[in-house]
>>> print(open('upload35.cif').read())   # mmCIF, C-alpha atoms and all ligand atoms
data_entry
#
loop_
_atom_site.label_atom_id
_atom_site.label_comp_id
_atom_site.auth_asym_id
_atom_site.auth_seq_id
_atom_site.Cartn_x
_atom_site.Cartn_y
_atom_site.Cartn_z
CA MET A 1 -4.13 3.51 26.16
CA SER A 2 -5.54 0.02 26.36
CA ALA A 3 -9.11 1.25 25.78
CA LEU A 4 -7.89 2.83 22.55
CA ASN A 5 -6.04 -0.36 21.59
CA ASP A 6 -9.23 -2.27 22.16
CA LEU A 7 -11.14 0.18 19.95
CA ILE A 8 -8.48 -0.14 17.22
CA ALA A 9 -8.71 -3.92 17.32
CA ARG A 10 -12.52 -3.91 17.16
CA LEU A 11 -13.01 -1.35 14.39
CA PRO A 12 -13.62 -2.74 10.91
CA LYS A 13 -11.16 -1.15 8.50
CA ALA A 14 -9.90 -1.16 4.94
CA GLU A 15 -6.25 -1.18 3.99
CA LEU A 16 -5.56 0.98 0.93
CA HIS A 17 -1.76 1.07 0.76
CA LEU A 18 -0.15 -2.33 0.87
CA HIS A 19 2.53 -3.68 -1.46
CA ILE A 20 2.04 -7.42 -1.47
CA GLU A 21 5.75 -8.00 -2.11
CA GLY A 22 6.42 -5.88 0.99
CA SER A 23 4.48 -8.35 3.12
CA LEU A 24 7.09 -11.06 2.49
CA GLU A 25 8.23 -11.95 6.02
CA PRO A 26 11.83 -13.19 6.44
CA GLU A 27 10.58 -16.65 7.48
CA LEU A 28 8.62 -17.08 4.24
CA MET A 29 11.51 -15.56 2.25
CA MET A 30 13.87 -18.26 3.64
CA ALA A 31 11.33 -21.04 3.07
CA LEU A 32 10.71 -20.00 -0.55
CA ALA A 33 14.46 -19.60 -1.18
CA GLN A 34 14.93 -23.22 -0.07
CA ARG A 35 11.89 -24.49 -1.97
CA ASN A 36 13.13 -22.86 -5.19
CA GLY A 37 16.88 -23.40 -4.74
CA ILE A 38 17.58 -19.67 -4.72
CA GLU A 39 20.71 -18.27 -3.11
CA LEU A 40 19.99 -15.32 -0.81
CA PRO A 41 22.68 -12.93 0.43
CA TYR A 42 21.56 -13.88 3.98
CA LYS A 43 21.96 -17.15 5.89
CA THR A 44 19.36 -16.75 8.63
CA VAL A 45 16.09 -14.98 9.36
CA GLU A 46 18.01 -12.88 11.90
CA GLU A 47 20.48 -11.81 9.22
CA ILE A 48 17.62 -10.77 6.97
CA ARG A 49 16.02 -8.68 9.72
CA ALA A 50 19.38 -7.15 10.60
CA ALA A 51 19.71 -5.92 7.00
CA TYR A 52 16.53 -3.85 7.36
CA GLU A 53 18.27 -0.64 8.40
CA PHE A 54 17.25 2.08 5.96
CA SER A 55 18.03 5.75 5.79
CA ASN A 56 15.82 6.50 2.80
CA LEU A 57 13.45 4.99 0.23
CA GLN A 58 16.21 3.80 -2.11
CA ASP A 59 18.00 1.83 0.67
CA PHE A 60 14.75 -0.03 1.24
CA LEU A 61 14.00 -0.59 -2.44
CA ASP A 62 17.44 -2.13 -3.02
CA ILE A 63 16.65 -4.83 -0.45
CA TYR A 64 12.99 -5.16 -1.44
CA TYR A 65 13.92 -6.09 -5.03
CA VAL A 66 16.41 -8.72 -3.80
CA GLY A 67 13.79 -10.21 -1.48
CA MET A 68 11.26 -10.70 -4.25
CA ASN A 69 13.67 -12.93 -6.22
CA VAL A 70 12.46 -15.89 -4.15
CA LEU A 71 8.97 -15.55 -5.72
CA GLN A 72 8.96 -17.93 -8.68
CA THR A 73 5.79 -20.01 -8.97
CA GLU A 74 2.04 -19.44 -8.87
CA GLN A 75 2.05 -21.20 -5.48
CA ASP A 76 4.68 -18.74 -4.17
CA PHE A 77 2.45 -15.79 -5.05
CA PHE A 78 -0.51 -17.57 -3.48
CA ASP A 79 1.46 -18.26 -0.27
CA LEU A 80 2.66 -14.65 -0.12
CA ALA A 81 -0.83 -13.19 -0.50
CA TRP A 82 -2.50 -15.74 1.76
CA ALA A 83 -0.07 -15.00 4.61
CA TYR A 84 -0.89 -11.30 4.34
CA LEU A 85 -4.64 -11.84 4.09
CA GLU A 86 -4.72 -14.04 7.20
CA ARG A 87 -2.76 -11.39 9.08
CA ALA A 88 -5.04 -8.61 7.83
CA HIS A 89 -8.14 -10.60 8.81
CA ALA A 90 -6.73 -10.88 12.35
CA ASP A 91 -6.56 -7.05 12.40
CA ASN A 92 -10.25 -6.80 11.43
CA VAL A 93 -9.42 -5.62 7.91
CA ARG A 94 -12.60 -6.13 5.86
CA HIS A 95 -11.40 -4.83 2.52
CA VAL A 96 -7.96 -4.39 0.98
CA GLU A 97 -6.72 -2.70 -2.16
CA ILE A 98 -3.43 -4.41 -2.89
CA PHE A 99 -0.52 -3.11 -4.94
CA PHE A 100 1.64 -5.49 -6.90
CA ASP A 101 4.76 -4.79 -8.97
CA PRO A 102 4.55 -6.94 -12.12
CA GLN A 103 7.77 -5.50 -13.52
CA GLY A 104 9.65 -6.73 -10.44
CA HIS A 105 8.76 -10.22 -11.67
CA THR A 106 8.53 -10.04 -15.46
CA GLU A 107 12.02 -8.46 -15.54
CA ARG A 108 13.26 -11.72 -13.91
CA GLY A 109 11.49 -13.89 -16.45
CA ILE A 110 8.39 -14.71 -14.38
CA ALA A 111 5.21 -14.63 -16.49
CA PHE A 112 2.60 -11.97 -15.74
CA ALA A 113 -0.02 -14.76 -15.55
CA THR A 114 1.95 -16.63 -12.86
CA VAL A 115 1.89 -13.55 -10.66
CA ILE A 116 -1.74 -12.62 -11.11
CA ASP A 117 -3.04 -16.20 -10.96
CA GLY A 118 -1.38 -16.83 -7.59
CA LEU A 119 -2.49 -13.53 -6.13
CA THR A 120 -6.09 -13.80 -7.27
CA ARG A 121 -6.43 -17.39 -6.05
CA ALA A 122 -5.53 -16.16 -2.55
CA LEU A 123 -7.85 -13.15 -2.83
CA GLU A 124 -10.76 -15.38 -3.83
CA GLN A 125 -10.06 -17.74 -0.94
CA ALA A 126 -10.01 -14.79 1.49
CA GLU A 127 -13.39 -13.62 0.28
CA ASP A 128 -14.85 -17.15 0.47
CA ARG A 129 -13.44 -18.03 3.88
CA CYS A 130 -13.27 -14.68 5.68
CA GLY A 131 -15.58 -12.33 3.77
CA LEU A 132 -12.51 -10.17 3.17
CA THR A 133 -12.99 -8.32 -0.13
CA SER A 134 -10.20 -6.96 -2.28
CA GLN A 135 -9.12 -5.11 -5.37
CA LEU A 136 -5.81 -5.27 -7.21
CA ILE A 137 -3.77 -2.24 -8.25
CA MET A 138 -0.96 -2.85 -10.71
CA CYS A 139 1.95 -0.47 -10.13
CA PHE A 140 4.43 0.79 -12.69
CA LEU A 141 8.02 1.04 -11.45
CA ARG A 142 8.80 4.70 -12.02
CA HIS A 143 12.58 4.19 -12.28
CA LEU A 144 11.87 2.22 -15.48
CA SER A 145 10.86 3.82 -18.77
CA GLU A 146 7.50 4.92 -20.15
CA VAL A 147 7.96 2.27 -22.86
CA ALA A 148 8.36 -0.43 -20.19
CA ALA A 149 5.18 0.81 -18.47
CA PHE A 150 3.26 0.61 -21.77
CA GLU A 151 4.56 -2.95 -22.27
CA THR A 152 3.31 -3.87 -18.81
CA LEU A 153 -0.10 -2.38 -19.54
CA GLU A 154 -0.16 -4.45 -22.72
CA GLN A 155 0.61 -7.63 -20.74
CA ALA A 156 -2.25 -6.78 -18.37
CA MET A 157 -4.77 -6.57 -21.22
CA GLY A 158 -5.65 -10.26 -21.00
CA HIS A 159 -6.32 -9.95 -17.25
CA LEU A 160 -8.24 -6.70 -16.95
CA GLU A 161 -11.23 -8.35 -15.28
CA ARG A 162 -8.95 -8.96 -12.29
CA ILE A 163 -7.20 -5.57 -12.23
CA ASP A 164 -9.00 -2.58 -10.75
CA GLY A 165 -6.43 0.13 -11.05
CA VAL A 166 -2.92 1.29 -11.83
CA GLY A 167 -0.42 2.89 -9.48
CA LEU A 168 3.05 4.38 -9.55
CA ASP A 169 5.77 3.34 -7.11
CA SER A 170 9.53 2.82 -6.61
CA SER A 171 12.15 5.63 -6.61
CA GLU A 172 10.26 8.92 -6.50
CA MET A 173 13.02 11.53 -6.75
CA GLY A 174 13.97 12.24 -10.36
CA HIS A 175 10.98 10.28 -11.70
CA PRO A 176 8.11 12.77 -11.66
CA PRO A 177 4.54 11.72 -12.47
CA SER A 178 4.75 13.62 -15.81
CA LYS A 179 6.95 10.77 -17.11
CA PHE A 180 3.84 8.54 -17.10
CA GLU A 181 1.16 10.97 -18.30
CA ARG A 182 0.41 9.03 -21.50
CA VAL A 183 0.32 5.59 -19.92
CA PHE A 184 -2.04 6.83 -17.20
CA ALA A 185 -4.27 8.43 -19.85
CA ARG A 186 -4.48 5.03 -21.58
CA ALA A 187 -5.25 3.31 -18.27
CA GLY A 188 -8.07 5.81 -17.74
CA GLU A 189 -9.50 5.00 -21.18
CA LEU A 190 -9.50 1.35 -20.15
CA GLY A 191 -11.67 2.24 -17.14
CA LEU A 192 -8.95 1.63 -14.57
CA LYS A 193 -8.69 3.63 -11.33
CA ARG A 194 -5.51 5.66 -11.02
CA VAL A 195 -3.34 6.26 -7.96
CA ALA A 196 0.27 7.36 -7.52
CA HIS A 197 2.87 7.58 -4.78
CA ALA A 198 3.50 11.32 -4.50
CA GLY A 199 5.00 13.47 -1.80
CA GLU A 200 6.59 10.57 0.06
CA GLU A 201 10.05 12.00 -0.63
CA GLY A 202 9.17 14.16 -3.63
CA PRO A 203 8.10 17.83 -3.48
CA PRO A 204 4.54 19.22 -3.60
CA GLU A 205 4.99 19.78 -7.37
CA TYR A 206 4.91 15.99 -7.83
CA ILE A 207 1.52 15.89 -6.11
CA TYR A 208 0.20 18.62 -8.42
CA GLU A 209 1.48 16.63 -11.40
CA ALA A 210 -0.16 13.45 -10.14
CA LEU A 211 -3.48 15.31 -9.78
CA ASP A 212 -3.32 17.35 -12.98
CA LEU A 213 -1.45 15.09 -15.40
CA LEU A 214 -2.20 11.58 -14.13
CA GLN A 215 -5.79 12.42 -13.05
CA ILE A 216 -5.41 10.29 -9.94
CA ASP A 217 -8.30 9.15 -7.77
CA ARG A 218 -6.19 8.91 -4.61
CA VAL A 219 -2.76 10.06 -3.39
CA ASP A 220 -0.39 7.49 -1.91
CA HIS A 221 1.47 9.07 1.04
CA GLY A 222 1.09 12.78 0.19
CA ASN A 223 2.97 13.89 3.30
CA ARG A 224 4.79 16.74 1.61
CA ALA A 225 1.47 18.35 0.61
CA LEU A 226 1.63 19.91 4.06
CA GLU A 227 4.36 22.27 2.79
CA ASP A 228 1.82 23.97 0.50
CA THR A 229 -1.34 25.45 2.02
CA GLU A 230 -3.07 25.89 -1.36
CA LEU A 231 -2.48 22.24 -2.17
CA VAL A 232 -3.83 21.17 1.22
CA GLN A 233 -6.97 23.22 0.60
CA ARG A 234 -7.41 21.66 -2.82
CA LEU A 235 -7.07 18.14 -1.37
CA VAL A 236 -9.53 18.98 1.40
CA ASP A 237 -12.07 20.57 -0.98
CA SER A 238 -11.91 17.67 -3.44
CA LYS A 239 -12.14 15.08 -0.61
CA MET A 240 -9.06 13.40 -2.05
CA ALA A 241 -8.00 10.43 0.06
CA LEU A 242 -4.39 10.17 1.21
CA THR A 243 -3.01 6.72 2.03
CA VAL A 244 -0.64 7.58 4.85
CA CYS A 245 1.85 5.01 6.22
CA PRO A 246 3.31 6.14 9.56
CA LEU A 247 5.70 3.26 10.36
CA SER A 248 6.98 3.36 6.78
CA ASN A 249 7.66 7.09 7.11
CA LEU A 250 9.52 6.41 10.36
CA ARG A 251 11.66 3.57 8.96
CA LEU A 252 12.48 5.47 5.75
CA CYS A 253 13.32 8.60 7.76
CA GLY A 254 10.52 10.81 6.43
CA VAL A 255 10.10 11.66 10.11
CA GLU A 256 12.82 11.42 12.72
CA ARG A 257 10.50 10.25 15.52
CA LEU A 258 6.96 8.88 15.32
CA GLU A 259 5.98 11.73 17.69
CA ASP A 260 6.71 14.09 14.77
CA HIS A 261 4.37 12.25 12.38
CA PRO A 262 1.81 14.57 10.70
CA LEU A 263 -1.17 12.16 10.73
CA LYS A 264 -3.02 14.01 13.50
CA ARG A 265 -2.30 17.35 11.84
CA MET A 266 -3.66 16.00 8.56
CA LEU A 267 -6.95 15.09 10.26
CA GLU A 268 -7.12 18.48 11.98
CA LEU A 269 -6.70 20.16 8.59
CA GLY A 270 -9.68 18.17 7.30
CA LEU A 271 -7.72 15.91 4.95
CA LEU A 272 -9.22 12.51 4.17
CA ALA A 273 -6.22 10.69 5.63
CA THR A 274 -6.09 6.93 6.11
CA CYS A 275 -3.63 4.76 8.08
CA ASN A 276 -1.86 1.89 6.31
CA SER A 277 1.15 -0.43 6.58
CA ASP A 278 2.86 -0.04 3.13
CA ASP A 279 5.45 -2.86 3.43
CA PRO A 280 4.67 -4.42 6.81
CA ALA A 281 7.35 -7.14 6.72
CA TYR A 282 10.02 -4.47 6.26
CA PHE A 283 8.68 -1.61 8.38
CA GLY A 284 7.82 -3.41 11.59
CA GLY A 285 4.04 -3.50 11.70
CA TYR A 286 0.71 -4.38 10.12
CA VAL A 287 -2.23 -2.01 10.01
CA ASN A 288 -3.29 -2.20 13.67
CA ASP A 289 0.35 -1.69 14.72
CA ASN A 290 0.34 1.47 12.61
CA PHE A 291 -2.86 2.67 14.32
CA ARG A 292 -1.65 1.77 17.83
CA ARG A 293 1.86 3.13 17.67
CA THR A 294 0.80 6.35 15.94
CA ALA A 295 -2.12 6.87 18.33
CA GLU A 296 0.28 6.58 21.23
CA ALA A 297 3.02 8.73 19.69
CA VAL A 298 0.91 11.66 18.51
CA GLY A 299 -2.03 11.33 20.90
CA LEU A 300 -4.88 10.38 18.58
CA THR A 301 -8.28 10.60 20.28
CA ALA A 302 -10.94 7.87 20.04
CA GLY A 303 -12.79 10.19 17.64
CA GLU A 304 -9.73 10.50 15.39
CA ILE A 305 -9.19 6.73 15.36
CA ILE A 306 -12.83 6.28 14.32
CA THR A 307 -12.38 8.92 11.61
CA LEU A 308 -9.37 7.02 10.24
CA ALA A 309 -11.39 3.79 10.10
CA ARG A 310 -14.28 5.60 8.40
CA ASN A 311 -11.93 7.32 5.95
CA SER A 312 -10.48 3.94 4.95
CA PHE A 313 -13.86 2.92 3.51
CA ILE A 314 -14.81 6.36 2.21
CA GLY A 315 -11.48 6.54 0.36
CA SER A 316 -11.77 3.01 -1.02
CA PHE A 317 -12.90 2.04 -4.51
CA LEU A 318 -15.83 0.03 -3.14
CA PRO A 319 -19.31 0.82 -4.47
CA GLN A 320 -21.35 3.26 -2.37
CA ASP A 321 -23.68 0.58 -0.96
CA ALA A 322 -20.74 -1.46 0.32
CA ILE A 323 -19.17 1.65 1.85
CA ALA A 324 -22.47 2.43 3.61
CA ARG A 325 -22.60 -1.12 5.03
CA HIS A 326 -19.07 -0.87 6.41
CA LEU A 327 -19.76 2.56 7.93
CA ALA A 328 -22.89 1.17 9.59
CA GLU A 329 -20.77 -1.61 11.06
CA ILE A 330 -18.38 0.97 12.47
CA ASP A 331 -21.39 2.76 14.03
CA ALA A 332 -22.47 -0.55 15.59
CA VAL A 333 -19.04 -1.06 17.16
CA ILE A 334 -19.12 2.48 18.58
CA ALA A 335 -22.63 1.93 19.96
CA SER A 336 -21.54 -1.30 21.64
CA GLU A 337 -18.47 0.45 23.15
CA LEU A 338 -20.78 3.06 24.70
CA ALA A 339 -23.36 0.53 25.94
N1 LIG B 401 7.43 3.76 -1.84
C1 LIG B 401 7.70 3.65 -3.14
N2 LIG B 401 7.75 2.47 -3.76
C2 LIG B 401 7.52 1.38 -3.04
C3 LIG B 401 7.24 1.44 -1.70
C4 LIG B 401 7.19 2.70 -1.07
O1 LIG B 401 6.95 2.83 0.15
N3 LIG B 401 7.05 0.16 -1.29
C5 LIG B 401 7.21 -0.63 -2.35
N4 LIG B 401 7.49 0.11 -3.43
ZN ZN B 402 3.96 2.39 -0.92
#
>>> encode(input="upload35.cif", output="structure tokens")
Amino acid sequence: MSALNDLIARLPKAELHLHIEGSLEPELMMALAQRNGIELPYKTVEEIRAAYEFSNLQDFLDIYYVGMNVLQTEQDFFDLAWAYLERAHADNVRHVEIFFDPQGHTERGIAFATVIDGLTRALEQAEDRCGLTSQLIMCFLRHLSEVAAFETLEQAMGHLERIDGVGLDSSEMGHPPSKFERVFARAGELGLKRVAHAGEEGPPEYIYEALDLLQIDRVDHGNRALEDTELVQRLVDSKMALTVCPLSNLRLCGVERLEDHPLKRMLELGLLATCNSDDPAYFGGYVNDNFRRTAEAVGLTAGEIITLARNSFIGSFLPQDAIARHLAEIDAVIASELA
């Protein structure tokens, strides 16, 4: 196993499914609560961690929205993003496409500009200091209304040079992609990439809706596609990337044991699956932890681990020349492993 762990550590990779608010570690949450004079329902870091016992997505979201209350100032958003970027750099992440939830902040009276200014200052610093490139994907909270999503898109209009795409997250069941067909159409007209969480808890029909009605460029999670062979074939044929998050699926009880995780099966079926951390502060691991623990649990081969790293760039929104450079770097790592 340690040879595979070494390979995982050395491979350049992209992370394509990461909620920046889900990278808020309990230590930073406590520090920001103190800095901003915010009362948390927890007294210690241990109490925060002890609260992270989820039996489904909604259990997690309830705590996730409380945690983000500590984020108040531009500096808070900078500190949040910088902590993640340093951690990602340590995992040999070369490119990241980051989700943020503006409505989780604007609903609390925090200005859209405060959020995006802090995040982008950290992203620029990561590129300058570490060569780590990034894109930003603004997510709509699907438990809120279509009107609220349109208002958020309106607020983003002054910042479109820093926003690469739109996504759809939060409570999936009962909030099908069709609810956001018009707002996604508008985002498409604005030249934004489109992604959506689909098939994390929701049925295959939600994945069809995301493809057909939202015209998505990538599926976030997509696990339940495996229940529908025609859908799998369509995803394979269209080379649609899936941003799979094994430790998230384990903690939110999408799988009972990591040994049951479908990541290996997805690769065997020819799906363009990638391996990501989702909300690493809440789900117990950053991207290399996701690779390592899943590799061990389901028996990924060195070849499959390399495929996942390659897929992370192929499925990214980087330009083709940048993708080719990253793939060549992966080839160089493989060549040096064999030498
Ligand atoms: N699923 C849906 N919404 C989310 C998630 C997730 O895993 N993380 C943050 N918002
Ligand atoms: Zn997610």
>>> closest_atom_pairs(input="upload35.cif", of="chain A", to="ligand LIG 401 (chain B)", cutoff="9 Å", atoms="only C-alpha atoms and all ligand atoms", output="JSON lines")
{"residue": "A:His17", "atom": "CA", "partner": "B:LIG401", "partner_atom": "O1", "distance": 8.9}
{"residue": "A:Leu18", "atom": "CA", "partner": "B:LIG401", "partner_atom": "N3", "distance": 7.9}
{"residue": "A:His19", "atom": "CA", "partner": "B:LIG401", "partner_atom": "C5", "distance": 5.7}
{"residue": "A:Ile20", "atom": "CA", "partner": "B:LIG401", "partner_atom": "C5", "distance": 8.6}
{"residue": "A:Glu21", "atom": "CA", "partner": "B:LIG401", "partner_atom": "C5", "distance": 7.5}
{"residue": "A:Gly22", "atom": "CA", "partner": "B:LIG401", "partner_atom": "C5", "distance": 6.3}
{"residue": "A:Leu57", "atom": "CA", "partner": "B:LIG401", "partner_atom": "N1", "distance": 6.5}
{"residue": "A:Gln58", "atom": "CA", "partner": "B:LIG401", "partner_atom": "C1", "distance": 8.6}
{"residue": "A:Phe60", "atom": "CA", "partner": "B:LIG401", "partner_atom": "N3", "distance": 8.1}
{"residue": "A:Leu61", "atom": "CA", "partner": "B:LIG401", "partner_atom": "N4", "distance": 6.6}
{"residue": "A:Tyr64", "atom": "CA", "partner": "B:LIG401", "partner_atom": "C5", "distance": 7.4}
{"residue": "A:Phe99", "atom": "CA", "partner": "B:LIG401", "partner_atom": "C5", "distance": 8.5}
{"residue": "A:Phe100", "atom": "CA", "partner": "B:LIG401", "partner_atom": "C5", "distance": 8.7}
{"residue": "A:Asp101", "atom": "CA", "partner": "B:LIG401", "partner_atom": "N4", "distance": 7.9}
{"residue": "A:Cys139", "atom": "CA", "partner": "B:LIG401", "partner_atom": "N4", "distance": 8.7}
{"residue": "A:Leu141", "atom": "CA", "partner": "B:LIG401", "partner_atom": "N2", "distance": 7.8}
{"residue": "A:Arg142", "atom": "CA", "partner": "B:LIG401", "partner_atom": "N2", "distance": 8.6}
{"residue": "A:Leu168", "atom": "CA", "partner": "B:LIG401", "partner_atom": "N2", "distance": 7.7}
{"residue": "A:Asp169", "atom": "CA", "partner": "B:LIG401", "partner_atom": "N2", "distance": 4.0}
{"residue": "A:Ser170", "atom": "CA", "partner": "B:LIG401", "partner_atom": "N2", "distance": 3.4}
{"residue": "A:Ser171", "atom": "CA", "partner": "B:LIG401", "partner_atom": "C1", "distance": 6.0}
{"residue": "A:Glu172", "atom": "CA", "partner": "B:LIG401", "partner_atom": "C1", "distance": 6.8}
{"residue": "A:His197", "atom": "CA", "partner": "B:LIG401", "partner_atom": "C1", "distance": 6.4}
{"residue": "A:Ala198", "atom": "CA", "partner": "B:LIG401", "partner_atom": "C1", "distance": 8.8}
{"residue": "A:Glu200", "atom": "CA", "partner": "B:LIG401", "partner_atom": "N1", "distance": 7.1}
{"residue": "A:Glu201", "atom": "CA", "partner": "B:LIG401", "partner_atom": "N1", "distance": 8.7}
{"residue": "A:Asp220", "atom": "CA", "partner": "B:LIG401", "partner_atom": "N1", "distance": 8.7}
{"residue": "A:His221", "atom": "CA", "partner": "B:LIG401", "partner_atom": "O1", "distance": 8.4}
{"residue": "A:Cys245", "atom": "CA", "partner": "B:LIG401", "partner_atom": "O1", "distance": 8.2}
{"residue": "A:Ser248", "atom": "CA", "partner": "B:LIG401", "partner_atom": "O1", "distance": 6.7}
{"residue": "A:Asn249", "atom": "CA", "partner": "B:LIG401", "partner_atom": "O1", "distance": 8.2}
{"residue": "A:Leu252", "atom": "CA", "partner": "B:LIG401", "partner_atom": "O1", "distance": 8.3}
{"residue": "A:Asp278", "atom": "CA", "partner": "B:LIG401", "partner_atom": "O1", "distance": 5.8}
{"residue": "A:Asp279", "atom": "CA", "partner": "B:LIG401", "partner_atom": "N3", "distance": 5.8}
>>> atom_distance(input="upload35.cif", atom1="atom CA of A:Arg35", atom2="atom CA of A:Gln75")
11.0 Å
>>> atom_distance(input="upload35.cif", atom1="atom CA of A:Leu28", atom2="atom CA of A:Val45")
9.3 Å
>>> atom_distance(input="upload35.cif", atom1="atom CA of A:Ala309", atom2="atom CA of A:Leu211")
24.3 Å
>>> residues_around(input="upload35.cif", residues="A:Val93", least_positions_apart="3", cutoff="7 Å", atoms="only C-alpha atoms", output="PyMOL selection string")
chain A and resi 12-15+88-89
>>> residues_around(input="upload35.cif", residues="A:Glu46", least_positions_apart="6", cutoff="12 Å", atoms="only C-alpha atoms", output="PyMOL selection string")
chain A and resi 25-27+29-30+52
>>> closest_residue(input="upload35.cif", among="A:Met173, A:Phe140, A:Thr229, A:Lys179", to="A:Pro203", atoms="only C-alpha atoms")
A:Met173
>>> closest_residue(input="upload35.cif", among="A:Asp128, A:Glu97, A:Glu256, A:Glu151", to="ligand ZN 402 (chain B)", atoms="all atoms listed in the file")
A:Glu97
>>> closest_residue(input="upload35.cif", among="A:Leu235, A:Ala210, A:Ala187, A:Leu16", to="ligand ZN 402 (chain B)", atoms="all atoms listed in the file")
A:Leu16
>>> closest_residue(input="upload35.cif", among="A:Glu124, A:Glu161, A:Pro102, A:Pro204", to="A:Ala149", atoms="all atoms listed in the file")
A:Pro102
>>> residues_near_point(input="upload35.cif", point="(-7.0, -11.6, 0.9)", cutoff="10 Å", atoms="only C-alpha atoms", output="PyMOL selection string")
chain A and resi 78+81-89+93-98+119-135
>>> closest_residue(input="upload35.cif", among="A:Thr294, A:Thr243, A:Thr301, A:Ser312", to="ligand ZN 402 (chain B)", atoms="all atoms listed in the file")
A:Thr243
>>> closest_residue(input="upload35.cif", among="A:Leu144, A:Leu190, A:Ile48, A:Leu247", to="ligand ZN 402 (chain B)", atoms="only C-alpha atoms and all ligand atoms")
A:Leu247
>>> residues_around(input="upload35.cif", residues="A:Val236", least_positions_apart="4", cutoff="7 Å", atoms="all atoms listed in the file", output="list in words")
Val232, Met240, Gly270 and Leu271 of chain A
>>> write_last_selection(input="upload35.cif", atoms="C-alpha atoms", output="JSON list (two decimals), keeping the file's coordinate frame")
[["chain", "number", "residue", "atom", "x", "y", "z"],
["A", 232, "VAL", "CA", -3.83, 21.17, 1.22],
["A", 240, "MET", "CA", -9.06, 13.40, -2.05],
["A", 270, "GLY", "CA", -9.68, 18.17, 7.30],
["A", 271, "LEU", "CA", -7.72, 15.91, 4.95]]
>>> residues_around(input="upload35.cif", residues="A:Ile314", least_positions_apart="4", cutoff="9 Å", atoms="all atoms listed in the file", output="number ranges by chain")
A: 241, 272, 309-310, 318, 320, 323-324, 327
>>> residues_around(input="upload35.cif", residues="A:Leu214", least_positions_apart="4", cutoff="8 Å", atoms="only C-alpha atoms", output="PyMOL selection string")
chain A and resi 177-178+180-181+184-185+194+209-210
>>> residues_near_point(input="upload35.cif", point="(-6.5, -10.9, -9.4)", cutoff="7 Å", atoms="all atoms listed in the file", output="list in words")
Ile116, Asp117, Leu119, Thr120, Leu136, Arg162 and Ile163 of chain A
>>> axis_aligned_box(input="upload35.cif", around="stretch 207-218 of chain A", padding_each_side="4 Å", output="AutoDock Vina command-line options")
--center_x -3.4 --center_y 13.8 --center_z -10.0 --size_x 17.8 --size_y 17.7 --size_z 18.8
>>> decode(input="upload35.cif", residues="stretch 237-254 of chain A", atoms="C-alpha atoms", output="PDB file, in the first residue's frame")
ATOM      1  CA  ASP A 237     -20.314   8.315 -24.671  1.00  0.00           C
ATOM      2  CA  SER A 238     -20.398  12.059 -23.986  1.00  0.00           C
ATOM      3  CA  LYS A 239     -17.221  11.874 -21.840  1.00  0.00           C
ATOM      4  CA  MET A 240     -19.097  13.716 -19.104  1.00  0.00           C
ATOM      5  CA  ALA A 241     -16.937  14.157 -16.014  1.00  0.00           C
ATOM      6  CA  LEU A 242     -18.308  13.111 -12.629  1.00  0.00           C
ATOM      7  CA  THR A 243     -16.876  14.766  -9.524  1.00  0.00           C
ATOM      8  CA  VAL A 244     -17.064  11.899  -7.064  1.00  0.00           C
ATOM      9  CA  CYS A 245     -16.424  12.427  -3.326  1.00  0.00           C
ATOM     10  CA  PRO A 246     -15.889   9.105  -1.530  1.00  0.00           C
ATOM     11  CA  LEU A 247     -15.377  10.259   2.081  1.00  0.00           C
ATOM     12  CA  SER A 248     -18.367  12.585   1.731  1.00  0.00           C
ATOM     13  CA  ASN A 249     -20.506   9.679   0.513  1.00  0.00           C
ATOM     14  CA  LEU A 250     -19.325   7.636   3.500  1.00  0.00           C
ATOM     15  CA  ARG A 251     -20.019  10.358   6.094  1.00  0.00           C
ATOM     16  CA  LEU A 252     -23.426  11.221   4.611  1.00  0.00           C
ATOM     17  CA  CYS A 253     -24.341   7.527   4.441  1.00  0.00           C
ATOM     18  CA  GLY A 254     -24.580   7.254   0.646  1.00  0.00           C
TER      19      GLY A 254
END
